[in-house]
$ cat final-v1.tsv   # TSV, C-alpha atoms and all ligand atoms
chain	number	residue	atom	x	y	z
A	1	MET	CA	57.98	136.21	127.52
A	2	ARG	CA	59.44	135.41	124.11
A	3	ILE	CA	61.82	132.50	124.58
A	4	GLY	CA	64.18	130.78	122.11
A	5	ILE	CA	64.82	127.12	122.99
A	6	THR	CA	67.62	125.03	121.51
A	7	CYS	CA	68.16	121.32	122.12
A	8	TYR	CA	69.19	118.08	120.45
A	9	PRO	CA	65.90	117.40	118.71
A	10	THR	CA	66.07	113.70	117.96
A	11	TYR	CA	68.02	111.89	120.67
A	12	GLY	CA	67.74	111.58	124.37
A	13	GLY	CA	66.16	113.02	127.42
A	14	SER	CA	67.55	116.54	127.16
A	15	GLY	CA	65.58	117.06	123.94
A	16	VAL	CA	62.49	115.59	125.56
A	17	VAL	CA	62.79	117.89	128.57
A	18	ALA	CA	63.40	120.95	126.35
A	19	THR	CA	60.41	120.15	124.16
A	20	GLU	CA	58.06	119.44	127.04
A	21	LEU	CA	59.24	122.64	128.71
A	22	GLY	CA	58.50	124.60	125.54
A	23	LEU	CA	55.04	123.07	125.27
A	24	GLU	CA	54.25	123.85	128.90
A	25	LEU	CA	55.53	127.43	128.57
A	26	ALA	CA	53.44	127.92	125.42
A	27	GLN	CA	50.35	126.71	127.26
A	28	ARG	CA	51.04	129.33	129.89
A	29	GLY	CA	50.96	132.05	127.22
A	30	HIS	CA	54.67	132.48	126.43
A	31	GLN	CA	55.86	132.62	122.83
A	32	VAL	CA	58.28	129.74	122.33
A	33	HIS	CA	60.67	129.53	119.37
A	34	PHE	CA	62.51	126.23	118.89
A	35	ILE	CA	65.77	126.74	116.99
A	36	SER	CA	67.41	123.49	115.89
A	37	TYR	CA	68.51	121.38	112.91
A	38	SER	CA	65.36	119.29	112.98
A	39	GLN	CA	61.89	119.41	114.47
A	40	PRO	CA	62.00	118.06	118.07
A	41	ILE	CA	60.53	114.54	118.20
A	42	ARG	CA	57.82	115.27	120.72
A	43	LEU	CA	56.66	118.32	118.78
A	44	THR	CA	54.27	116.23	116.75
A	45	GLU	CA	51.28	118.51	116.24
A	46	PRO	CA	50.97	122.26	115.60
A	47	GLN	CA	50.36	124.12	118.87
A	48	PRO	CA	49.46	127.74	119.64
A	49	ASN	CA	52.44	129.91	120.66
A	50	ILE	CA	54.96	127.36	119.35
A	51	HIS	CA	57.26	128.24	116.45
A	52	TYR	CA	60.00	126.20	114.87
A	53	HIS	CA	63.04	127.57	113.03
A	54	GLU	CA	65.25	125.11	111.23
A	55	VAL	CA	68.99	125.66	111.13
A	56	GLU	CA	70.41	125.05	107.66
A	57	VAL	CA	74.05	124.06	107.53
A	58	SER	CA	75.75	124.73	104.18
A	59	ARG	CA	77.63	121.70	102.90
A	60	TYR	CA	80.45	123.45	101.10
A	61	PRO	CA	83.03	120.97	99.67
A	62	LEU	CA	85.79	122.59	101.73
A	63	PHE	CA	83.94	121.84	104.98
A	64	GLU	CA	84.91	118.37	106.05
A	65	TYR	CA	83.10	119.23	109.29
A	66	PRO	CA	80.17	121.56	108.47
A	67	PRO	CA	80.11	124.21	111.23
A	68	TYR	CA	76.69	123.61	112.80
A	69	ASP	CA	77.51	125.67	115.86
A	70	LEU	CA	78.15	128.76	113.70
A	71	ALA	CA	75.00	128.24	111.63
A	72	LEU	CA	73.08	127.82	114.89
A	73	ALA	CA	74.54	131.03	116.36
A	74	THR	CA	73.58	132.94	113.22
A	75	ARG	CA	70.02	131.59	113.27
A	76	MET	CA	69.69	132.29	117.00
A	77	ALA	CA	70.72	135.91	116.45
A	78	GLU	CA	68.38	136.26	113.44
A	79	VAL	CA	65.37	134.78	115.22
A	80	ALA	CA	66.12	136.88	118.30
A	81	GLU	CA	66.13	140.07	116.20
A	82	ILE	CA	63.12	139.29	114.02
A	83	TYR	CA	60.91	137.92	116.81
A	84	GLU	CA	62.33	140.17	119.54
A	85	LEU	CA	63.21	137.29	121.84
A	86	ASP	CA	63.72	138.13	125.50
A	87	LEU	CA	66.19	135.30	126.05
A	88	LEU	CA	67.65	132.07	124.75
A	89	HIS	CA	67.43	128.85	126.73
A	90	VAL	CA	69.82	126.13	125.60
A	91	HIS	CA	69.70	122.50	126.71
A	92	TYR	CA	72.95	120.51	126.78
A	93	ALA	CA	76.03	122.71	126.97
A	94	ILE	CA	77.90	121.53	123.88
A	95	PRO	CA	77.75	123.27	121.45
A	96	HIS	CA	74.50	125.07	122.25
A	97	SER	CA	75.90	127.22	125.01
A	98	VAL	CA	78.77	128.37	122.80
A	99	SER	CA	76.38	129.23	119.96
A	100	ALA	CA	74.16	131.22	122.34
A	101	MET	CA	77.19	133.09	123.61
A	102	LEU	CA	78.07	134.07	120.02
A	103	ALA	CA	74.48	135.09	119.29
A	104	ARG	CA	74.52	137.29	122.38
A	105	GLN	CA	77.72	138.95	121.18
A	106	MET	CA	76.27	139.47	117.71
A	107	LEU	CA	73.24	141.27	119.11
A	108	GLY	CA	75.46	143.36	121.33
A	109	CYS	CA	77.65	144.69	118.52
A	110	ASP	CA	77.30	147.72	116.25
A	111	HIS	CA	76.02	145.65	113.32
A	112	ALA	CA	72.90	144.58	115.21
A	113	ARG	CA	69.76	146.35	114.03
A	114	THR	CA	68.85	147.14	117.63
A	115	ARG	CA	71.91	146.73	119.76
A	116	ARG	CA	71.02	145.04	123.04
A	117	HIS	CA	71.94	142.36	125.55
A	118	LEU	CA	70.34	139.01	124.71
A	119	PRO	CA	70.68	136.82	127.81
A	120	TYR	CA	71.05	133.07	127.60
A	121	VAL	CA	70.30	130.34	130.11
A	122	THR	CA	72.16	127.02	129.96
A	123	THR	CA	70.60	123.85	131.36
A	124	LEU	CA	73.04	121.03	132.08
A	125	HIS	CA	71.67	117.54	131.52
A	126	GLY	CA	74.26	114.81	131.87
A	127	THR	CA	76.98	113.68	129.52
A	128	ASP	CA	77.60	117.30	128.53
A	129	ILE	CA	79.25	117.40	131.97
A	130	THR	CA	80.09	113.82	132.91
A	131	LEU	CA	81.57	112.64	129.60
A	132	VAL	CA	81.76	115.02	126.67
A	133	GLY	CA	82.33	118.22	128.56
A	134	ALA	CA	85.03	116.66	130.71
A	135	ASP	CA	86.92	115.45	127.63
A	136	PRO	CA	90.10	117.59	127.69
A	137	SER	CA	89.45	118.80	124.14
A	138	TYR	CA	86.02	120.20	125.09
A	139	LEU	CA	86.51	121.13	128.73
A	140	PRO	CA	87.86	124.70	128.40
A	141	ILE	CA	85.21	125.89	125.95
A	142	THR	CA	82.43	124.17	127.88
A	143	ARG	CA	83.57	125.78	131.12
A	144	PHE	CA	83.83	129.17	129.41
A	145	SER	CA	80.38	129.04	127.83
A	146	ILE	CA	78.77	127.87	131.09
A	147	ASP	CA	80.52	130.61	133.03
A	148	GLN	CA	79.46	133.21	130.48
A	149	SER	CA	75.79	132.18	130.77
A	150	ASP	CA	73.36	134.68	132.27
A	151	GLY	CA	71.73	131.80	134.13
A	152	VAL	CA	72.67	128.14	134.68
A	153	THR	CA	70.41	125.34	135.82
A	154	SER	CA	71.06	121.66	136.37
A	155	ILE	CA	68.54	118.84	136.47
A	156	SER	CA	69.76	117.31	139.75
A	157	SER	CA	71.86	118.14	142.79
A	158	TYR	CA	74.23	115.36	141.77
A	159	LEU	CA	74.89	117.07	138.41
A	160	LYS	CA	75.38	120.45	140.05
A	161	GLN	CA	77.98	118.91	142.36
A	162	ARG	CA	79.77	117.18	139.48
A	163	THR	CA	79.81	120.43	137.49
A	164	LEU	CA	81.35	122.33	140.39
A	165	GLU	CA	83.98	119.62	140.88
A	166	VAL	CA	84.91	119.11	137.22
A	167	PHE	CA	84.52	122.63	135.86
A	168	GLU	CA	84.94	124.86	138.90
A	169	VAL	CA	82.44	127.28	137.32
A	170	ARG	CA	81.79	130.54	139.12
A	171	THR	CA	78.27	131.28	137.85
A	172	PRO	CA	75.71	130.08	140.44
A	173	ILE	CA	73.89	126.90	139.39
A	174	GLU	CA	70.23	126.51	140.30
A	175	VAL	CA	68.90	122.96	140.57
A	176	ILE	CA	65.58	122.68	138.71
A	177	PRO	CA	64.67	119.01	138.52
A	178	ASN	CA	63.13	117.36	135.49
A	179	PHE	CA	59.36	117.11	135.42
A	180	VAL	CA	56.52	115.07	134.02
A	181	ASN	CA	53.06	116.08	132.86
A	182	CYS	CA	51.03	114.07	135.40
A	183	ASP	CA	47.78	114.58	133.47
A	184	LEU	CA	49.27	113.00	130.37
A	185	TYR	CA	51.45	110.37	132.01
A	186	GLU	CA	48.81	108.38	133.81
A	187	ARG	CA	47.64	104.78	133.88
A	188	THR	CA	44.12	105.22	132.52
A	189	PRO	CA	41.55	102.45	131.79
A	190	GLU	CA	42.22	103.06	128.06
A	191	VAL	CA	45.94	102.43	128.58
A	192	MET	CA	45.19	99.27	130.57
A	193	GLN	CA	43.01	97.97	127.75
A	194	ARG	CA	46.11	97.86	125.56
A	195	ARG	CA	47.82	95.35	127.89
A	196	SER	CA	46.35	92.48	125.92
A	197	GLU	CA	48.27	93.67	122.82
A	198	TYR	CA	51.49	92.75	124.56
A	199	ALA	CA	50.85	89.96	127.06
A	200	ARG	CA	48.40	87.29	128.20
A	201	ALA	CA	46.26	88.06	131.25
A	202	ASP	CA	48.42	85.84	133.48
A	203	GLU	CA	51.68	87.50	132.40
A	204	LYS	CA	53.44	90.51	133.91
A	205	ILE	CA	55.03	93.19	131.73
A	206	LEU	CA	58.49	94.69	132.17
A	207	VAL	CA	59.59	97.66	130.09
A	208	HIS	CA	62.83	99.43	129.17
A	209	LEU	CA	62.91	102.86	127.52
A	210	SER	CA	66.09	104.54	126.31
A	211	ASN	CA	68.26	105.52	123.35
A	212	PHE	CA	70.11	102.18	123.60
A	213	ARG	CA	73.55	103.69	124.13
A	214	PRO	CA	76.28	101.78	126.00
A	215	VAL	CA	75.70	103.91	129.14
A	216	LYS	CA	72.24	102.29	129.43
A	217	ARG	CA	73.75	98.76	129.85
A	218	ILE	CA	71.20	97.17	127.53
A	219	PRO	CA	72.61	93.62	127.95
A	220	ASP	CA	71.86	93.92	131.69
A	221	VAL	CA	68.19	94.49	130.82
A	222	ILE	CA	68.14	91.16	128.97
A	223	GLU	CA	70.07	89.41	131.78
A	224	ILE	CA	67.61	90.67	134.39
A	225	PHE	CA	64.60	89.69	132.31
A	226	ASP	CA	66.06	86.24	131.66
A	227	ARG	CA	66.19	85.63	135.42
A	228	VAL	CA	62.71	87.08	136.00
A	229	GLN	CA	60.90	85.11	133.28
A	230	LYS	CA	62.18	81.84	134.79
A	231	GLN	CA	60.21	82.62	137.98
A	232	VAL	CA	57.32	84.84	136.83
A	233	PRO	CA	55.36	84.46	133.56
A	234	SER	CA	56.27	87.72	131.88
A	235	ARG	CA	57.08	89.74	128.77
A	236	LEU	CA	59.62	92.49	128.13
A	237	LEU	CA	58.94	95.57	126.00
A	238	MET	CA	62.04	97.35	124.69
A	239	ILE	CA	61.15	100.90	123.61
A	240	GLY	CA	63.69	102.98	121.71
A	241	ASP	CA	66.58	102.30	119.40
A	242	GLY	CA	70.31	102.86	119.20
A	243	PRO	CA	73.72	101.26	118.89
A	244	GLU	CA	73.19	98.50	121.47
A	245	ARG	CA	69.94	97.18	120.06
A	246	SER	CA	71.26	94.39	117.84
A	247	ARG	CA	73.56	93.18	120.63
A	248	ALA	CA	70.51	92.87	122.88
A	249	GLU	CA	68.52	91.10	120.17
A	250	TRP	CA	71.29	88.53	119.70
A	251	LEU	CA	71.61	88.02	123.44
A	252	ALA	CA	67.87	87.34	123.63
A	253	VAL	CA	68.11	84.90	120.71
A	254	ASN	CA	71.07	83.07	122.30
A	255	LYS	CA	69.23	82.78	125.60
A	256	GLY	CA	66.13	81.42	123.84
A	257	ILE	CA	63.87	84.20	125.15
A	258	HIS	CA	63.51	86.30	122.01
A	259	ASP	CA	59.84	85.31	121.64
A	260	LYS	CA	59.09	86.88	125.04
A	261	ILE	CA	60.67	90.21	124.16
A	262	GLU	CA	59.20	92.82	121.86
A	263	PHE	CA	61.58	95.41	120.40
A	264	LEU	CA	59.21	98.25	119.58
A	265	GLY	CA	61.82	100.71	118.26
A	266	LYS	CA	61.34	104.46	118.54
A	267	GLN	CA	57.81	105.30	119.58
A	268	ASP	CA	55.65	108.41	119.66
A	269	ARG	CA	53.13	109.02	122.41
A	270	ILE	CA	55.09	107.14	125.07
A	271	HIS	CA	52.48	108.18	127.65
A	272	GLU	CA	49.96	105.88	125.97
A	273	LYS	CA	52.26	102.86	126.29
A	274	LEU	CA	54.24	103.07	129.52
A	275	GLY	CA	51.25	102.42	131.76
A	276	VAL	CA	50.69	98.92	130.37
A	277	ALA	CA	53.84	97.78	132.19
A	278	ASP	CA	54.26	96.69	135.80
A	279	VAL	CA	57.98	97.32	136.22
A	280	MET	CA	60.60	99.44	134.42
A	281	LEU	CA	64.24	98.31	134.19
A	282	LEU	CA	66.86	101.08	134.08
A	283	PRO	CA	70.23	99.47	134.91
A	284	SER	CA	72.34	102.39	133.56
A	285	GLU	CA	76.00	102.93	134.28
A	286	LEU	CA	75.04	106.51	135.18
A	287	GLU	CA	72.00	108.76	135.02
A	288	SER	CA	72.12	112.38	136.09
A	289	PHE	CA	68.40	112.14	136.66
A	290	GLY	CA	66.67	109.23	134.93
A	291	LEU	CA	63.71	110.87	133.20
A	292	ALA	CA	62.42	107.50	131.96
A	293	ALA	CA	62.09	106.32	135.58
A	294	LEU	CA	60.09	109.43	136.46
A	295	GLU	CA	57.76	108.98	133.48
A	296	ALA	CA	57.26	105.35	134.56
A	297	MET	CA	56.51	106.40	138.14
A	298	ALA	CA	53.83	108.83	136.98
A	299	CYS	CA	52.19	105.85	135.23
A	300	GLU	CA	52.35	103.68	138.41
A	301	VAL	CA	55.11	101.54	136.90
A	302	VAL	CA	57.65	100.51	139.56
A	303	PRO	CA	61.22	101.43	138.50
A	304	ILE	CA	64.20	99.19	139.24
A	305	ALA	CA	67.36	101.19	138.60
A	306	THR	CA	70.98	101.63	139.55
A	307	ASN	CA	72.01	103.56	142.59
A	308	GLU	CA	74.09	106.08	140.64
A	309	GLY	CA	74.17	109.78	139.83
A	310	GLY	CA	70.89	111.60	140.40
A	311	VAL	CA	68.65	108.52	140.40
A	312	PRO	CA	68.44	108.33	144.23
A	313	GLU	CA	66.99	111.87	144.10
A	314	VAL	CA	64.08	110.45	142.07
A	315	ILE	CA	63.51	106.93	143.46
A	316	ASP	CA	62.97	106.25	147.14
A	317	HIS	CA	64.39	102.73	147.53
A	318	GLY	CA	61.81	100.23	148.79
A	319	LYS	CA	58.94	102.74	148.61
A	320	THR	CA	58.66	104.09	145.09
A	321	GLY	CA	61.07	101.69	143.38
A	322	PHE	CA	64.30	99.79	143.91
A	323	LEU	CA	67.98	100.69	143.61
A	324	ALA	CA	70.97	98.36	143.21
A	325	ALA	CA	74.65	98.58	142.33
A	326	VAL	CA	75.66	98.91	138.67
A	327	GLY	CA	75.96	95.46	137.09
A	328	ASP	CA	74.26	93.64	139.97
A	329	VAL	CA	71.71	91.96	137.72
A	330	ASP	CA	70.93	89.27	140.33
A	331	THR	CA	69.77	91.81	142.90
A	332	MET	CA	67.76	93.76	140.33
A	333	ALA	CA	66.14	90.51	139.12
A	334	ASN	CA	65.33	89.54	142.72
A	335	TYR	CA	63.63	92.90	143.32
A	336	ALA	CA	61.58	92.40	140.16
A	337	ILE	CA	60.60	88.85	141.14
A	338	GLU	CA	59.71	90.02	144.65
A	339	VAL	CA	57.38	92.80	143.53
A	340	LEU	CA	55.90	90.98	140.53
A	341	SER	CA	54.99	87.98	142.71
A	342	ASP	CA	53.01	90.09	145.18
A	343	ASP	CA	50.11	91.95	143.56
A	344	ALA	CA	49.29	93.95	146.69
A	345	LYS	CA	52.89	95.18	146.95
A	346	LEU	CA	53.03	95.95	143.22
A	347	LYS	CA	49.89	98.08	143.52
A	348	ARG	CA	51.09	99.78	146.69
A	349	MET	CA	54.47	100.69	145.23
A	350	GLY	CA	52.96	101.78	141.91
A	351	GLU	CA	50.61	104.14	143.73
A	352	ALA	CA	53.43	105.45	145.92
A	353	ALA	CA	55.53	106.05	142.79
A	354	ARG	CA	52.76	108.11	141.18
A	355	ALA	CA	52.11	110.03	144.40
A	356	SER	CA	55.80	110.90	144.61
A	357	ALA	CA	55.93	111.99	140.95
A	358	GLN	CA	52.86	114.17	141.53
A	359	ALA	CA	54.09	115.70	144.76
A	360	ARG	CA	57.67	116.46	143.66
A	361	PHE	CA	58.05	116.48	139.89
A	362	CYS	CA	54.76	117.55	138.30
A	363	ALA	CA	55.11	120.05	135.47
A	364	SER	CA	52.74	122.38	137.35
A	365	LYS	CA	55.31	122.60	140.18
A	366	ILE	CA	58.50	122.79	138.12
A	367	ILE	CA	57.61	125.12	135.21
A	368	PRO	CA	57.10	128.12	137.56
A	369	LEU	CA	60.69	127.58	138.75
A	370	TYR	CA	61.92	128.09	135.18
A	371	GLU	CA	59.72	131.18	134.80
A	372	LYS	CA	61.16	132.57	138.03
A	373	HIS	CA	64.69	131.81	136.83
A	374	TYR	CA	64.02	133.63	133.53
A	375	ARG	CA	62.60	136.66	135.35
A	376	ALA	CA	65.66	136.85	137.59
A	377	VAL	CA	67.94	136.67	134.55
A	378	LEU	CA	65.97	139.41	132.77
A	379	ASP	CA	66.00	141.61	135.89
A	380	ARG	CA	69.77	141.23	136.19
A	381	SER	CA	70.20	141.97	132.47
A	382	SER	CA	68.07	145.13	132.30
B	401	LIG	O1	73.71	112.74	128.96
B	401	LIG	C1	73.06	112.03	128.21
B	401	LIG	O2	73.04	110.82	128.20
B	401	LIG	C2	72.20	112.70	127.27
B	401	LIG	C3	71.08	113.33	127.98
B	401	LIG	C4	70.11	113.44	126.92
B	401	LIG	O3	70.15	114.40	126.22
B	401	LIG	O4	69.34	112.51	126.76
B	401	LIG	O5	70.58	112.56	129.09
B	401	LIG	C5	70.68	113.17	130.34
B	401	LIG	O6	69.60	114.05	130.43
B	401	LIG	C6	68.34	113.47	130.74
B	401	LIG	C7	67.29	114.56	130.77
B	401	LIG	O7	67.61	115.57	131.66
B	401	LIG	C8	68.44	112.73	132.07
B	401	LIG	O8	67.19	112.19	132.45
B	401	LIG	C9	69.47	111.61	131.92
B	401	LIG	O9	69.64	110.97	133.17
B	401	LIG	C10	70.80	112.17	131.48
B	401	LIG	N1	71.66	111.04	131.08
B	401	LIG	C11	72.78	110.72	131.72
B	401	LIG	O10	73.17	111.34	132.67
B	401	LIG	C12	73.52	109.56	131.20
$ encode --input "final-v1.tsv" --output "structure tokens" --more "lines below"
Ligand code: GMT
Amino acid sequence: MRIGITCYPTYGGSGVVATELGLELAQRGHQVHFISYSQPIRLTEPQPNIHYHEVEVSRYPLFEYPPYDLALATRMAEVAEIYELDLLHVHYAIPHSVSAMLARQMLGCDHARTRRHLPYVTTLHGTDITLVGADPSYLPITRFSIDQSDGVTSISSYLKQRTLEVFEVRTPIEVIPNFVNCDLYERTPEVMQRRSEYARADEKILVHLSNFRPVKRIPDVIEIFDRVQKQVPSRLLMIGDGPERSRAEWLAVNKGIHDKIEFLGKQDRIHEKLGVADVMLLPSELESFGLAALEAMACEVVPIATNEGGVPEVIDHGKTGFLAAVGDVDTMANYAIEVLSDDAKLKRMGEAARASAQARFCASKIIPLYEKHYRAVLDRSS
């Protein structure tokens, strides 16, 4: 198939999922065309069957708000015509779904070189539904563009349910969970060798990975680590960057634990780093899925997260990780202390986490579900 993929290229899990999906599809022989304003962050090296088309937005003085969604729709329609795309797959409803809808209309009108129906699939990820899309100013257009989609998928059952409640959409929503490349995300001996770059042999390593937005409750990460390091010799790695970073840095300084925390900023090749850790902290206000927790699990890192949204669909409490109420930093710290103080339990849970990631969320299991979804959309559209 020839597939156009659009996502937010630089921030967040939806862009990561879209990029990894594109890479996996390309490896399976599909032609994948990324259409976005910037090259997706995980698209680091040239790959066969992968193409990238940048969307240029004209900055005319009259445009206080340059219309990216229109420029995107135009580029989608162009790329679809020139490269004879079979379908568009957009990640995150706003504004991508609206742009795809316009592109579909453009290809269906008399001006199109070859007039035809260009189907689009919308994948819902999280705040496009739970926050942004439910904002009264965005809700009607989000609902409309989801309903107009030729196919709709959501990354967890929780998100599907929320979408039905908030948007009352009529188009059927198929749950296709997020996935991880289990061959890449693995705790290898080479990864373990890098442990000494971050901690002494007698210290445990905790990690946090996110875009440091308020929804991630970054200060809770510091609060939890503060409690843990008083009981267990340990270090904290903070991977990522965003608006809450300096607040966290100051909190660490004020607590006198800044020297035990390394803020690594945005990182490439996460799979080479995650496996050095023992435990991942993900105390978010809400996660529709929690991709970072899944990536940690694949690397045998035990996740400690909040019992919200789609996270319980990923983590089996007490077996493959731990779940606690939002803001309950004491309980999350106690879980971390418990597992970090018992090497046998840490190993057992790490192995169970990887086994669960492999059995339920491996790319090799999930990508065929997307291919099947595309085929069904194309069959309905022909
Ligand atoms: O909704 C967001 O926060 C943005 C979105 C993104 O683009 O990063 O994150 C969501 O999608 C991820 C990938 O599917 C999920 O793993 C995250 O749980 C989800 N975030 C939230 O629901 C807060």
$ residues_near_ligand --input "final-v1.tsv" --ligand "ligand LIG 401 (chain B)" --cutoff "9 Å" --atoms "only C-alpha atoms and all ligand atoms" --output "number ranges by chain"
A: 7-8, 11-18, 91-92, 123-132, 154-156, 159, 177-178, 210-211, 213, 215-216, 284-294, 309-311
$ axis_aligned_box --input "final-v1.tsv" --around "region 186-194 of chain A" --padding-each-side "8 Å" --output "JSON"
{"center_x": 45.2, "center_y": 103.1, "center_z": 129.7, "size_x": 23.3, "size_y": 26.5, "size_z": 24.3}
$ residues_around --input "final-v1.tsv" --residues "Val180 (chain A)" --least-positions-apart "5" --cutoff "10 Å" --atoms "all atoms listed in the file" --output "list of chain:residue names"
A:Val17, A:Glu20, A:Leu21, A:Tyr185, A:Leu291, A:Ala292, A:Leu294, A:Glu295, A:Ala296, A:Met297, A:Ala298, A:Ala357, A:Gln358, A:Arg360, A:Phe361, A:Cys362, A:Ala363, A:Ser364, A:Lys365, A:Ile366
$ write_last_selection --input "final-v1.tsv" --atoms "C-alpha atoms" --output "CSV table (one decimal), keeping the file's coordinate frame"
chain,number,residue,atom,x,y,z
A,17,VAL,CA,62.8,117.9,128.6
A,20,GLU,CA,58.1,119.4,127.0
A,21,LEU,CA,59.2,122.6,128.7
A,185,TYR,CA,51.4,110.4,132.0
A,291,LEU,CA,63.7,110.9,133.2
A,292,ALA,CA,62.4,107.5,132.0
A,294,LEU,CA,60.1,109.4,136.5
A,295,GLU,CA,57.8,109.0,133.5
A,296,ALA,CA,57.3,105.4,134.6
A,297,MET,CA,56.5,106.4,138.1
A,298,ALA,CA,53.8,108.8,137.0
A,357,ALA,CA,55.9,112.0,141.0
A,358,GLN,CA,52.9,114.2,141.5
A,360,ARG,CA,57.7,116.5,143.7
A,361,PHE,CA,58.0,116.5,139.9
A,362,CYS,CA,54.8,117.6,138.3
A,363,ALA,CA,55.1,120.0,135.5
A,364,SER,CA,52.7,122.4,137.4
A,365,LYS,CA,55.3,122.6,140.2
A,366,ILE,CA,58.5,122.8,138.1
$ atom_distance --input "final-v1.tsv" --atom1 "CA of Gln31 (chain A)" --atom2 "CA of Asp86 (chain A)"
10.0 Å
$ residues_around --input "final-v1.tsv" --residues "region 196-207 of chain A" --least-positions-apart "4" --cutoff "7 Å" --atoms "all atoms listed in the file" --output "list of chain:residue names"
A:Pro233, A:Ser234, A:Arg235, A:Leu236, A:Leu237, A:Met238, A:Ala277, A:Asp278, A:Val279, A:Met280, A:Leu281
$ build_atoms --input "final-v1.tsv" --residues "region 255-266 of chain A" --atoms "N, CA, C and O atoms" --output "PDB file, keeping the file's coordinate frame"
ATOM      1  N   LYS A 255      69.796  83.274 124.335  1.00  0.00           N
ATOM      2  CA  LYS A 255      69.230  82.780 125.600  1.00  0.00           C
ATOM      3  C   LYS A 255      67.893  82.065 125.376  1.00  0.00           C
ATOM      4  O   LYS A 255      67.295  81.557 126.317  1.00  0.00           O
ATOM      5  N   GLY A 256      67.395  82.088 124.151  1.00  0.00           N
ATOM      6  CA  GLY A 256      66.130  81.420 123.840  1.00  0.00           C
ATOM      7  C   GLY A 256      64.909  82.141 124.384  1.00  0.00           C
ATOM      8  O   GLY A 256      63.871  81.523 124.620  1.00  0.00           O
ATOM      9  N   ILE A 257      65.021  83.459 124.591  1.00  0.00           N
ATOM     10  CA  ILE A 257      63.870  84.200 125.150  1.00  0.00           C
ATOM     11  C   ILE A 257      63.387  85.304 124.194  1.00  0.00           C
ATOM     12  O   ILE A 257      62.621  86.175 124.587  1.00  0.00           O
ATOM     13  N   HIS A 258      63.839  85.232 122.963  1.00  0.00           N
ATOM     14  CA  HIS A 258      63.510  86.300 122.010  1.00  0.00           C
ATOM     15  C   HIS A 258      62.006  86.416 121.798  1.00  0.00           C
ATOM     16  O   HIS A 258      61.478  87.519 121.607  1.00  0.00           O
ATOM     17  N   ASP A 259      61.296  85.273 121.875  1.00  0.00           N
ATOM     18  CA  ASP A 259      59.840  85.310 121.640  1.00  0.00           C
ATOM     19  C   ASP A 259      59.084  85.976 122.797  1.00  0.00           C
ATOM     20  O   ASP A 259      57.896  86.283 122.668  1.00  0.00           O
ATOM     21  N   LYS A 260      59.770  86.208 123.910  1.00  0.00           N
ATOM     22  CA  LYS A 260      59.090  86.880 125.040  1.00  0.00           C
ATOM     23  C   LYS A 260      59.431  88.368 125.103  1.00  0.00           C
ATOM     24  O   LYS A 260      59.054  89.068 126.036  1.00  0.00           O
ATOM     25  N   ILE A 261      60.229  88.805 124.145  1.00  0.00           N
ATOM     26  CA  ILE A 261      60.670  90.210 124.160  1.00  0.00           C
ATOM     27  C   ILE A 261      60.201  90.888 122.876  1.00  0.00           C
ATOM     28  O   ILE A 261      60.400  90.366 121.782  1.00  0.00           O
ATOM     29  N   GLU A 262      59.612  92.064 123.036  1.00  0.00           N
ATOM     30  CA  GLU A 262      59.200  92.820 121.860  1.00  0.00           C
ATOM     31  C   GLU A 262      60.037  94.083 121.747  1.00  0.00           C
ATOM     32  O   GLU A 262      60.003  94.928 122.658  1.00  0.00           O
ATOM     33  N   PHE A 263      60.801  94.194 120.660  1.00  0.00           N
ATOM     34  CA  PHE A 263      61.580  95.410 120.400  1.00  0.00           C
ATOM     35  C   PHE A 263      60.686  96.343 119.585  1.00  0.00           C
ATOM     36  O   PHE A 263      60.445  96.099 118.401  1.00  0.00           O
ATOM     37  N   LEU A 264      60.202  97.376 120.222  1.00  0.00           N
ATOM     38  CA  LEU A 264      59.210  98.250 119.580  1.00  0.00           C
ATOM     39  C   LEU A 264      59.847  99.384 118.775  1.00  0.00           C
ATOM     40  O   LEU A 264      59.150 100.067 118.014  1.00  0.00           O
ATOM     41  N   GLY A 265      61.163  99.604 118.950  1.00  0.00           N
ATOM     42  CA  GLY A 265      61.820 100.710 118.260  1.00  0.00           C
ATOM     43  C   GLY A 265      61.373 102.052 118.826  1.00  0.00           C
ATOM     44  O   GLY A 265      60.750 102.119 119.886  1.00  0.00           O
ATOM     45  N   LYS A 266      61.711 103.112 118.070  1.00  0.00           N
ATOM     46  CA  LYS A 266      61.340 104.460 118.540  1.00  0.00           C
ATOM     47  C   LYS A 266      59.838 104.621 118.477  1.00  0.00           C
ATOM     48  O   LYS A 266      59.217 104.229 117.493  1.00  0.00           O
TER      49      LYS A 266
END
